[in-house]
$ cat work.csv   # CSV, C-alpha atoms
chain,number,residue,atom,x,y,z
A,1,MET,CA,-61.4,201.1,64.5
A,2,SER,CA,-58.2,199.2,63.6
A,3,LEU,CA,-57.9,197.7,60.1
A,4,ALA,CA,-58.1,194.2,61.5
A,5,GLU,CA,-61.5,195.0,63.1
A,6,LYS,CA,-63.0,196.1,59.7
A,7,THR,CA,-64.6,193.8,57.2
A,8,CYS,CA,-63.6,193.3,53.5
A,9,VAL,CA,-66.2,194.9,51.2
A,10,PRO,CA,-66.9,193.2,47.9
A,11,CYS,CA,-65.6,195.3,45.0
A,12,ARG,CA,-68.0,195.4,42.1
A,13,GLY,CA,-65.6,197.4,40.0
A,14,GLY,CA,-66.2,201.0,38.9
A,15,VAL,CA,-63.9,202.5,41.5
A,16,ALA,CA,-60.4,203.8,41.1
A,17,PRO,CA,-57.6,201.8,42.7
A,18,PHE,CA,-55.8,203.5,45.6
A,19,SER,CA,-53.3,206.2,44.7
A,20,LEU,CA,-49.7,205.7,45.9
A,21,GLU,CA,-50.5,208.3,48.7
A,22,GLN,CA,-53.6,206.4,49.8
A,23,SER,CA,-51.7,203.1,49.8
A,24,GLN,CA,-48.7,204.4,51.7
A,25,ALA,CA,-51.0,206.0,54.4
A,26,LEU,CA,-52.7,202.6,55.2
A,27,LEU,CA,-49.4,200.7,54.8
A,28,GLN,CA,-48.2,202.5,58.0
A,29,GLN,CA,-50.9,200.6,59.9
A,30,LEU,CA,-49.5,197.2,58.8
A,31,GLN,CA,-46.4,195.4,60.0
A,32,GLU,CA,-43.7,194.4,57.5
A,33,TRP,CA,-46.0,194.2,54.5
A,34,GLN,CA,-44.4,195.3,51.2
A,35,LEU,CA,-46.3,197.6,48.8
A,36,VAL,CA,-45.3,196.2,45.3
A,37,LYS,CA,-45.7,198.6,42.4
A,38,ASN,CA,-48.8,200.0,44.2
A,39,HIS,CA,-50.5,197.0,42.7
A,40,HIS,CA,-50.4,194.4,45.5
A,41,LEU,CA,-49.4,193.8,49.1
A,42,GLN,CA,-46.8,191.1,49.8
A,43,LYS,CA,-45.5,189.4,53.0
A,44,THR,CA,-43.7,186.2,53.8
A,45,TYR,CA,-44.2,184.5,57.1
A,46,SER,CA,-41.8,181.9,58.4
A,47,PHE,CA,-42.6,178.7,60.3
A,48,PRO,CA,-40.5,175.9,61.9
A,49,ASN,CA,-41.7,173.3,59.4
A,50,PHE,CA,-44.0,172.4,56.5
A,51,LYS,CA,-47.0,171.4,58.7
A,52,ASN,CA,-47.2,174.7,60.6
A,53,ALA,CA,-46.9,176.6,57.3
A,54,LEU,CA,-49.8,174.5,55.8
A,55,ASP,CA,-51.9,175.1,58.9
A,56,PHE,CA,-51.4,178.8,58.4
A,57,VAL,CA,-52.5,178.5,54.7
A,58,ASP,CA,-55.7,176.8,56.0
A,59,ARG,CA,-56.4,179.6,58.4
A,60,VAL,CA,-55.9,182.3,55.8
A,61,GLY,CA,-58.0,180.2,53.4
A,62,ALA,CA,-60.8,180.1,55.9
A,63,LEU,CA,-60.5,183.8,56.4
A,64,ALA,CA,-60.6,184.3,52.6
A,65,GLU,CA,-63.9,182.4,52.3
A,66,GLN,CA,-65.3,184.2,55.3
A,67,GLN,CA,-64.4,187.7,53.9
A,68,GLN,CA,-65.0,186.6,50.3
A,69,HIS,CA,-61.6,188.2,49.5
A,70,HIS,CA,-59.1,185.8,48.1
A,71,PRO,CA,-55.3,186.3,48.1
A,72,ASP,CA,-52.6,184.3,46.3
A,73,LEU,CA,-50.8,182.0,48.7
A,74,HIS,CA,-47.4,180.5,48.1
A,75,LEU,CA,-46.5,177.6,50.4
A,76,SER,CA,-43.1,176.1,50.7
A,77,TRP,CA,-41.2,174.3,53.5
A,78,GLY,CA,-41.5,176.6,56.5
A,79,LYS,CA,-42.7,179.6,54.5
A,80,VAL,CA,-46.0,181.2,53.4
A,81,SER,CA,-45.9,184.1,51.1
A,82,ILE,CA,-49.2,186.1,50.6
A,83,GLU,CA,-50.1,188.5,47.8
A,84,ILE,CA,-53.3,190.6,48.1
A,85,TRP,CA,-55.0,192.8,45.6
A,86,THR,CA,-58.5,193.5,44.3
A,87,HIS,CA,-58.7,191.6,41.1
A,88,LYS,CA,-61.8,193.4,39.9
A,89,ILE,CA,-59.9,196.6,39.5
A,90,ASP,CA,-56.4,195.1,39.3
A,91,GLY,CA,-55.2,197.3,42.1
A,92,LEU,CA,-55.6,198.1,45.8
A,93,THR,CA,-58.6,199.1,47.9
A,94,GLU,CA,-59.1,199.4,51.6
A,95,SER,CA,-60.2,195.7,51.8
A,96,ASP,CA,-56.7,194.6,50.8
A,97,PHE,CA,-55.2,196.3,53.8
A,98,VAL,CA,-58.0,195.0,56.0
A,99,PHE,CA,-57.2,191.5,54.8
A,100,ALA,CA,-53.5,192.0,55.4
A,101,ALA,CA,-54.1,193.1,59.0
A,102,LYS,CA,-56.3,190.1,59.6
A,103,CYS,CA,-53.5,187.8,58.3
A,104,ASP,CA,-51.2,189.3,60.9
A,105,GLN,CA,-53.8,188.7,63.6
A,106,LEU,CA,-54.0,185.0,62.6
A,107,ALA,CA,-50.2,184.7,62.6
A,108,ALA,CA,-50.0,186.3,66.0
A,109,ARG,CA,-52.5,183.7,67.4
A,110,SER,CA,-50.6,180.7,65.9
B,1,MET,CA,-44.9,149.2,39.1
B,2,SER,CA,-46.3,152.6,38.1
B,3,LEU,CA,-44.7,155.8,39.4
B,4,ALA,CA,-47.7,156.5,41.6
B,5,GLU,CA,-47.3,153.1,43.3
B,6,LYS,CA,-43.7,153.9,44.3
B,7,THR,CA,-42.6,155.7,47.5
B,8,CYS,CA,-40.5,158.8,47.7
B,9,VAL,CA,-37.0,158.1,49.0
B,10,PRO,CA,-35.3,160.6,51.2
B,11,CYS,CA,-32.4,162.2,49.4
B,12,ARG,CA,-29.3,162.6,51.6
B,13,GLY,CA,-27.4,164.4,48.9
B,14,GLY,CA,-24.3,163.0,47.3
B,15,VAL,CA,-26.1,161.8,44.2
B,16,ALA,CA,-26.2,163.4,40.8
B,17,PRO,CA,-29.4,165.0,39.6
B,18,PHE,CA,-31.1,163.4,36.7
B,19,SER,CA,-29.7,164.1,33.3
B,20,LEU,CA,-32.1,165.6,30.7
B,21,GLU,CA,-32.4,162.1,29.1
B,22,GLN,CA,-33.4,160.5,32.4
B,23,SER,CA,-35.9,163.3,33.1
B,24,GLN,CA,-37.5,163.1,29.7
B,25,ALA,CA,-37.8,159.3,30.0
B,26,LEU,CA,-39.8,159.5,33.2
B,27,LEU,CA,-41.8,162.6,32.1
B,28,GLN,CA,-43.5,160.4,29.5
B,29,GLN,CA,-45.1,158.5,32.3
B,30,LEU,CA,-46.7,161.8,33.7
B,31,GLN,CA,-49.7,163.7,32.4
B,32,GLU,CA,-49.3,167.3,31.4
B,33,TRP,CA,-46.4,168.1,33.7
B,34,GLN,CA,-43.8,170.5,32.5
B,35,LEU,CA,-40.1,169.9,32.8
B,36,VAL,CA,-38.6,173.3,33.6
B,37,LYS,CA,-34.9,173.7,32.9
B,38,ASN,CA,-34.4,170.1,33.9
B,39,HIS,CA,-34.5,171.6,37.4
B,40,HIS,CA,-38.1,171.1,38.5
B,41,LEU,CA,-41.5,169.7,37.5
B,42,GLN,CA,-44.4,172.1,37.2
B,43,LYS,CA,-48.2,171.6,36.7
B,44,THR,CA,-51.2,173.8,37.3
B,45,TYR,CA,-54.5,172.3,38.2
B,46,SER,CA,-57.9,174.1,37.8
B,47,PHE,CA,-60.8,174.0,40.2
B,48,PRO,CA,-64.3,175.6,40.1
B,49,ASN,CA,-63.6,177.8,43.1
B,50,PHE,CA,-61.2,178.8,45.9
B,51,LYS,CA,-62.5,176.2,48.4
B,52,ASN,CA,-61.9,173.2,46.1
B,53,ALA,CA,-58.4,174.5,45.3
B,54,LEU,CA,-57.6,174.9,49.0
B,55,ASP,CA,-58.9,171.3,49.6
B,56,PHE,CA,-56.4,170.1,47.0
B,57,VAL,CA,-53.6,171.9,48.7
B,58,ASP,CA,-54.5,170.2,51.9
B,59,ARG,CA,-54.5,166.8,50.3
B,60,VAL,CA,-51.1,167.4,48.5
B,61,GLY,CA,-49.8,168.8,51.9
B,62,ALA,CA,-50.8,165.6,53.7
B,63,LEU,CA,-49.1,163.6,50.9
B,64,ALA,CA,-46.0,165.7,51.3
B,65,GLU,CA,-45.9,164.9,55.0
B,66,GLN,CA,-46.5,161.3,54.4
B,67,GLN,CA,-43.8,161.0,51.8
B,68,GLN,CA,-41.5,163.5,53.5
B,69,HIS,CA,-41.1,165.1,50.1
B,70,HIS,CA,-42.3,168.7,50.1
B,71,PRO,CA,-43.3,170.6,46.9
B,72,ASP,CA,-43.9,174.3,46.5
B,73,LEU,CA,-47.6,175.1,46.2
B,74,HIS,CA,-49.1,178.2,44.7
B,75,LEU,CA,-52.8,178.7,45.5
B,76,SER,CA,-55.0,181.3,43.8
B,77,TRP,CA,-58.7,181.4,43.1
B,78,GLY,CA,-59.6,178.2,41.3
B,79,LYS,CA,-56.0,177.2,40.7
B,80,VAL,CA,-53.1,175.3,42.3
B,81,SER,CA,-49.7,175.3,40.8
B,82,ILE,CA,-47.2,172.7,42.0
B,83,GLU,CA,-43.4,172.8,41.7
B,84,ILE,CA,-41.4,169.7,42.6
B,85,TRP,CA,-37.7,169.2,42.9
B,86,THR,CA,-35.2,167.6,45.3
B,87,HIS,CA,-33.8,170.5,47.3
B,88,LYS,CA,-30.9,168.6,48.7
B,89,ILE,CA,-29.3,168.4,45.2
B,90,ASP,CA,-31.2,171.3,43.6
B,91,GLY,CA,-32.4,169.1,40.8
B,92,LEU,CA,-34.5,166.1,39.9
B,93,THR,CA,-34.5,162.5,41.2
B,94,GLU,CA,-37.0,159.7,40.7
B,95,SER,CA,-38.9,160.7,43.9
B,96,ASP,CA,-39.9,164.0,42.2
B,97,PHE,CA,-41.7,162.0,39.4
B,98,VAL,CA,-43.2,159.7,42.0
B,99,PHE,CA,-44.6,162.6,43.9
B,100,ALA,CA,-46.0,164.2,40.7
B,101,ALA,CA,-47.7,160.9,39.8
B,102,LYS,CA,-49.3,160.8,43.2
B,103,CYS,CA,-50.5,164.4,42.8
B,104,ASP,CA,-52.3,163.3,39.6
B,105,GLN,CA,-53.8,160.4,41.5
B,106,LEU,CA,-55.1,162.7,44.2
B,107,ALA,CA,-56.6,165.1,41.6
B,108,ALA,CA,-58.3,162.2,39.8
B,109,ARG,CA,-60.0,161.3,43.1
B,110,SER,CA,-61.3,164.8,43.9

$ encode --input "work.csv" --output "structure tokens"
Amino acid sequence: MSLAEKTCVPCRGGVAPFSLEQSQALLQQLQEWQLVKNHHLQKTYSFPNFKNALDFVDRVGALAEQQQHHPDLHLSWGKVSIEIWTHKIDGLTESDFVFAAKCDQLAARS
Amino acid sequence: MSLAEKTCVPCRGGVAPFSLEQSQALLQQLQEWQLVKNHHLQKTYSFPNFKNALDFVDRVGALAEQQQHHPDLHLSWGKVSIEIWTHKIDGLTESDFVFAAKCDQLAARS
């Protein structure tokens, strides 16, 4: 099963964040995402104008509500930057990589 | 006429950005906006959840398209941070303060 086909699992805390090795292994299944300090995933998507970028924010926002996994989103003219991590443990879990893969899927459809 | 009643004017460049004195004078007409390095205006709005914050991003986004003046928006769970400046001159003009006042008006209506 690909990452994008999985579902984000609510983190109740009490689990260890991914080790660097675990993060790097799953990162290989993502396209052009950056692993930042083994704390969060980051990617910037480009769009031809503000409206298209805002539309993408809306689609990622709907996904966040559906998955109950909420990224940080930075919207500027023609760009959307996404940061994903599991706030409950202030680090990375599989759900973060699942969410990243789903963002790529949304971008591919736009 | 209040700032919120004015309209953002497209900046074609070729004008000087506001001096610190000009910025501080108009800042007094805004509520809780920060003047950062006399380069941009910044304010963070709080919301009870992600959905309400996303709704505000949509309303500010629609305003940006209407006024053809586009801020940077940072959305996280229950928070929206807005940064406004005039990109063409990499500094502040009256339109930035007008846009800030209109954001406050939108927030008051939500």

$ calpha_fit_and_write --input "work.csv" --fixed "chain B" --moving "chain A" --output "JSON list (two decimals) with C-alpha atoms, keeping the file's coordinate frame"
[["chain", "number", "residue", "atom", "x", "y", "z"],
["A", 1, "MET", "CA", -44.86, 149.20, 39.09],
["A", 2, "SER", "CA", -46.33, 152.59, 38.08],
["A", 3, "LEU", "CA", -44.69, 155.76, 39.43],
["A", 4, "ALA", "CA", -47.71, 156.50, 41.58],
["A", 5, "GLU", "CA", -47.33, 153.10, 43.32],
["A", 6, "LYS", "CA", -43.67, 153.86, 44.34],
["A", 7, "THR", "CA", -42.63, 155.68, 47.44],
["A", 8, "CYS", "CA", -40.48, 158.89, 47.67],
["A", 9, "VAL", "CA", -36.99, 158.05, 48.99],
["A", 10, "PRO", "CA", -35.29, 160.62, 51.18],
["A", 11, "CYS", "CA", -32.32, 162.18, 49.38],
["A", 12, "ARG", "CA", -29.32, 162.60, 51.61],
["A", 13, "GLY", "CA", -27.37, 164.34, 48.91],
["A", 14, "GLY", "CA", -24.26, 162.89, 47.24],
["A", 15, "VAL", "CA", -26.07, 161.81, 44.10],
["A", 16, "ALA", "CA", -26.15, 163.45, 40.73],
["A", 17, "PRO", "CA", -29.41, 165.05, 39.64],
["A", 18, "PHE", "CA", -31.17, 163.38, 36.69],
["A", 19, "SER", "CA", -29.74, 164.06, 33.25],
["A", 20, "LEU", "CA", -32.09, 165.63, 30.67],
["A", 21, "GLU", "CA", -32.41, 162.07, 29.11],
["A", 22, "GLN", "CA", -33.33, 160.51, 32.45],
["A", 23, "SER", "CA", -35.87, 163.27, 33.15],
["A", 24, "GLN", "CA", -37.50, 163.14, 29.74],
["A", 25, "ALA", "CA", -37.84, 159.27, 29.96],
["A", 26, "LEU", "CA", -39.86, 159.47, 33.26],
["A", 27, "LEU", "CA", -41.74, 162.60, 32.09],
["A", 28, "GLN", "CA", -43.47, 160.34, 29.47],
["A", 29, "GLN", "CA", -45.12, 158.50, 32.38],
["A", 30, "LEU", "CA", -46.73, 161.72, 33.70],
["A", 31, "GLN", "CA", -49.67, 163.66, 32.33],
["A", 32, "GLU", "CA", -49.26, 167.33, 31.39],
["A", 33, "TRP", "CA", -46.39, 168.02, 33.77],
["A", 34, "GLN", "CA", -43.81, 170.51, 32.45],
["A", 35, "LEU", "CA", -40.06, 169.80, 32.81],
["A", 36, "VAL", "CA", -38.59, 173.33, 33.58],
["A", 37, "LYS", "CA", -34.90, 173.76, 32.85],
["A", 38, "ASN", "CA", -34.43, 170.10, 33.95],
["A", 39, "HIS", "CA", -34.50, 171.58, 37.41],
["A", 40, "HIS", "CA", -38.14, 171.14, 38.51],
["A", 41, "LEU", "CA", -41.50, 169.71, 37.51],
["A", 42, "GLN", "CA", -44.43, 172.12, 37.18],
["A", 43, "LYS", "CA", -48.23, 171.68, 36.74],
["A", 44, "THR", "CA", -51.27, 173.81, 37.30],
["A", 45, "TYR", "CA", -54.56, 172.25, 38.19],
["A", 46, "SER", "CA", -57.82, 174.11, 37.83],
["A", 47, "PHE", "CA", -60.84, 174.03, 40.15],
["A", 48, "PRO", "CA", -64.34, 175.63, 40.09],
["A", 49, "ASN", "CA", -63.60, 177.84, 43.09],
["A", 50, "PHE", "CA", -61.21, 178.81, 45.90],
["A", 51, "LYS", "CA", -62.47, 176.16, 48.39],
["A", 52, "ASN", "CA", -61.90, 173.17, 46.09],
["A", 53, "ALA", "CA", -58.43, 174.51, 45.23],
["A", 54, "LEU", "CA", -57.59, 174.84, 49.01],
["A", 55, "ASP", "CA", -58.88, 171.33, 49.65],
["A", 56, "PHE", "CA", -56.51, 170.09, 46.99],
["A", 57, "VAL", "CA", -53.57, 171.98, 48.65],
["A", 58, "ASP", "CA", -54.50, 170.13, 51.91],
["A", 59, "ARG", "CA", -54.43, 166.79, 50.21],
["A", 60, "VAL", "CA", -51.08, 167.39, 48.56],
["A", 61, "GLY", "CA", -49.83, 168.76, 51.90],
["A", 62, "ALA", "CA", -50.85, 165.58, 53.62],
["A", 63, "LEU", "CA", -49.17, 163.58, 50.93],
["A", 64, "ALA", "CA", -46.01, 165.71, 51.36],
["A", 65, "GLU", "CA", -45.83, 164.94, 55.09],
["A", 66, "GLN", "CA", -46.56, 161.30, 54.46],
["A", 67, "GLN", "CA", -43.78, 160.97, 51.79],
["A", 68, "GLN", "CA", -41.53, 163.48, 53.57],
["A", 69, "HIS", "CA", -41.11, 165.17, 50.15],
["A", 70, "HIS", "CA", -42.27, 168.72, 50.07],
["A", 71, "PRO", "CA", -43.20, 170.68, 46.91],
["A", 72, "ASP", "CA", -43.90, 174.41, 46.49],
["A", 73, "LEU", "CA", -47.61, 175.06, 46.20],
["A", 74, "HIS", "CA", -49.13, 178.17, 44.72],
["A", 75, "LEU", "CA", -52.83, 178.67, 45.51],
["A", 76, "SER", "CA", -55.02, 181.20, 43.87],
["A", 77, "TRP", "CA", -58.77, 181.41, 43.12],
["A", 78, "GLY", "CA", -59.58, 178.16, 41.34],
["A", 79, "LYS", "CA", -55.95, 177.25, 40.66],
["A", 80, "VAL", "CA", -53.13, 175.23, 42.30],
["A", 81, "SER", "CA", -49.76, 175.32, 40.77],
["A", 82, "ILE", "CA", -47.16, 172.72, 42.04],
["A", 83, "GLU", "CA", -43.38, 172.79, 41.66],
["A", 84, "ILE", "CA", -41.35, 169.69, 42.66],
["A", 85, "TRP", "CA", -37.65, 169.20, 42.95],
["A", 86, "THR", "CA", -35.14, 167.66, 45.35],
["A", 87, "HIS", "CA", -33.80, 170.54, 47.28],
["A", 88, "LYS", "CA", -30.85, 168.61, 48.65],
["A", 89, "ILE", "CA", -29.31, 168.37, 45.25],
["A", 90, "ASP", "CA", -31.16, 171.28, 43.63],
["A", 91, "GLY", "CA", -32.36, 169.08, 40.83],
["A", 92, "LEU", "CA", -34.53, 166.07, 39.97],
["A", 93, "THR", "CA", -34.54, 162.48, 41.20],
["A", 94, "GLU", "CA", -36.97, 159.67, 40.73],
["A", 95, "SER", "CA", -38.91, 160.75, 43.89],
["A", 96, "ASP", "CA", -39.94, 163.98, 42.16],
["A", 97, "PHE", "CA", -41.67, 162.07, 39.42],
["A", 98, "VAL", "CA", -43.17, 159.69, 41.96],
["A", 99, "PHE", "CA", -44.57, 162.67, 43.81],
["A", 100, "ALA", "CA", -45.92, 164.19, 40.62],
["A", 101, "ALA", "CA", -47.77, 160.98, 39.73],
["A", 102, "LYS", "CA", -49.25, 160.82, 43.19],
["A", 103, "CYS", "CA", -50.53, 164.43, 42.81],
["A", 104, "ASP", "CA", -52.34, 163.34, 39.67],
["A", 105, "GLN", "CA", -53.86, 160.40, 41.52],
["A", 106, "LEU", "CA", -55.20, 162.78, 44.22],
["A", 107, "ALA", "CA", -56.61, 165.14, 41.57],
["A", 108, "ALA", "CA", -58.28, 162.27, 39.80],
["A", 109, "ARG", "CA", -60.03, 161.22, 43.09],
["A", 110, "SER", "CA", -61.27, 164.79, 43.85]]

$ atom_distance --input "work.csv" --atom1 "atom CA of His87 of chain A" --atom2 "atom CA of His40 of chain B"
29.2 Å

$ closest_residue --input "work.csv" --among "A:Pro10, A:Gly61, A:Pro17, A:Gly78" --to "chain B" --atoms "all atoms listed in the file"
A:Gly61

$ residues_around --input "work.csv" --residues "segment 47-54 of chain A" --least-positions-apart "3" --cutoff "12 Å" --atoms "all atoms listed in the file" --output "ChimeraX atom specification"
/A:44,57-61,73-82,107,110 /B:54-66,68-75

$ atom_distance --input "work.csv" --atom1 "atom CA of Tyr45 of chain B" --atom2 "atom CA of Gln105 of chain B"
12.4 Å

$ residues_near_point --input "work.csv" --point "(-56.4, 197.2, 39.2)" --cutoff "10 Å" --atoms "all atoms listed in the file" --output "list of chain:residue names"
A:Gly13, A:Val15, A:Ala16, A:Pro17, A:Phe18, A:Asn38, A:His39, A:His40, A:Trp85, A:Thr86, A:His87, A:Lys88, A:Ile89, A:Asp90, A:Gly91, A:Leu92, A:Thr93

$ closest_residue --input "work.csv" --among "B:Phe99, B:Val9, B:Arg109, B:Ser23" --to "Val36 of chain B" --atoms "all atoms listed in the file"
B:Ser23

$ decode --input "work.csv" --residues "segment 65-91 of chain B" --atoms "N, CA and C atoms" --output "CSV table (one decimal), in the first residue's frame"
chain,number,residue,atom,x,y,z
B,65,GLU,N,-8.1,39.3,-3.8
B,65,GLU,CA,-8.5,39.3,-5.2
B,65,GLU,C,-9.3,40.5,-5.6
B,66,GLN,N,-10.2,40.9,-4.7
B,66,GLN,CA,-11.1,42.0,-5.0
B,66,GLN,C,-10.2,43.3,-5.1
B,67,GLN,N,-9.3,43.5,-4.1
B,67,GLN,CA,-8.5,44.7,-4.0
B,67,GLN,C,-7.3,44.6,-4.9
B,68,GLN,N,-7.0,43.4,-5.4
B,68,GLN,CA,-5.7,43.2,-6.1
B,68,GLN,C,-4.5,43.6,-5.3
B,69,HIS,N,-4.6,43.2,-4.0
B,69,HIS,CA,-3.5,43.5,-3.1
B,69,HIS,C,-3.4,42.3,-2.3
B,70,HIS,N,-2.2,41.6,-2.4
B,70,HIS,CA,-2.1,40.2,-1.8
B,70,HIS,C,-1.1,40.1,-0.7
B,71,PRO,N,-1.7,39.7,0.5
B,71,PRO,CA,-0.8,39.6,1.7
B,71,PRO,C,-0.2,38.2,1.7
B,72,ASP,N,0.7,38.0,2.6
B,72,ASP,CA,1.1,36.6,3.0
B,72,ASP,C,0.2,36.1,4.1
B,73,LEU,N,-0.2,34.9,4.0
B,73,LEU,CA,-1.1,34.3,5.1
B,73,LEU,C,-0.5,33.1,5.6
B,74,HIS,N,-0.4,33.0,7.0
B,74,HIS,CA,0.1,31.8,7.6
B,74,HIS,C,-1.0,31.2,8.4
B,75,LEU,N,-1.4,30.0,8.0
B,75,LEU,CA,-2.5,29.3,8.7
B,75,LEU,C,-2.0,28.1,9.5
B,76,SER,N,-2.4,28.1,10.8
B,76,SER,CA,-2.1,26.9,11.6
B,76,SER,C,-3.3,26.7,12.4
B,77,TRP,N,-3.3,25.6,13.2
B,77,TRP,CA,-4.6,25.2,14.0
B,77,TRP,C,-5.0,26.4,14.9
B,78,GLY,N,-6.2,27.0,14.5
B,78,GLY,CA,-6.7,28.1,15.4
B,78,GLY,C,-6.0,29.4,15.2
B,79,LYS,N,-5.2,29.6,14.2
B,79,LYS,CA,-4.5,30.9,14.1
B,79,LYS,C,-4.3,31.2,12.6
B,80,VAL,N,-4.4,32.5,12.4
B,80,VAL,CA,-4.0,33.0,11.0
B,80,VAL,C,-3.1,34.3,11.3
B,81,SER,N,-1.9,34.2,10.7
B,81,SER,CA,-1.1,35.4,10.8
B,81,SER,C,-1.0,36.0,9.4
B,82,ILE,N,-1.1,37.3,9.4
B,82,ILE,CA,-1.1,38.1,8.1
B,82,ILE,C,0.1,39.0,8.1
B,83,GLU,N,0.7,39.0,6.9
B,83,GLU,CA,1.8,40.0,6.7
B,83,GLU,C,1.4,40.8,5.4
B,84,ILE,N,1.5,42.1,5.5
B,84,ILE,CA,1.1,42.9,4.4
B,84,ILE,C,2.2,43.9,4.1
B,85,TRP,N,2.6,44.0,2.8
B,85,TRP,CA,3.5,45.1,2.3
B,85,TRP,C,3.3,45.2,0.8
B,86,THR,N,3.8,46.3,0.3
B,86,THR,CA,3.7,46.5,-1.2
B,86,THR,C,5.0,46.0,-1.8
B,87,HIS,N,4.8,44.8,-2.5
B,87,HIS,CA,6.0,44.1,-3.1
B,87,HIS,C,6.7,45.0,-4.1
B,88,LYS,N,6.0,45.7,-4.9
B,88,LYS,CA,6.6,46.5,-5.9
B,88,LYS,C,7.7,47.5,-5.4
B,89,ILE,N,7.5,48.0,-4.2
B,89,ILE,CA,8.5,48.9,-3.7
B,89,ILE,C,9.2,48.3,-2.4
B,90,ASP,N,8.8,47.1,-2.1
B,90,ASP,CA,9.4,46.4,-0.9
B,90,ASP,C,9.3,47.3,0.3
B,91,GLY,N,8.1,47.8,0.5
B,91,GLY,CA,7.9,48.7,1.7
B,91,GLY,C,6.4,49.0,1.8
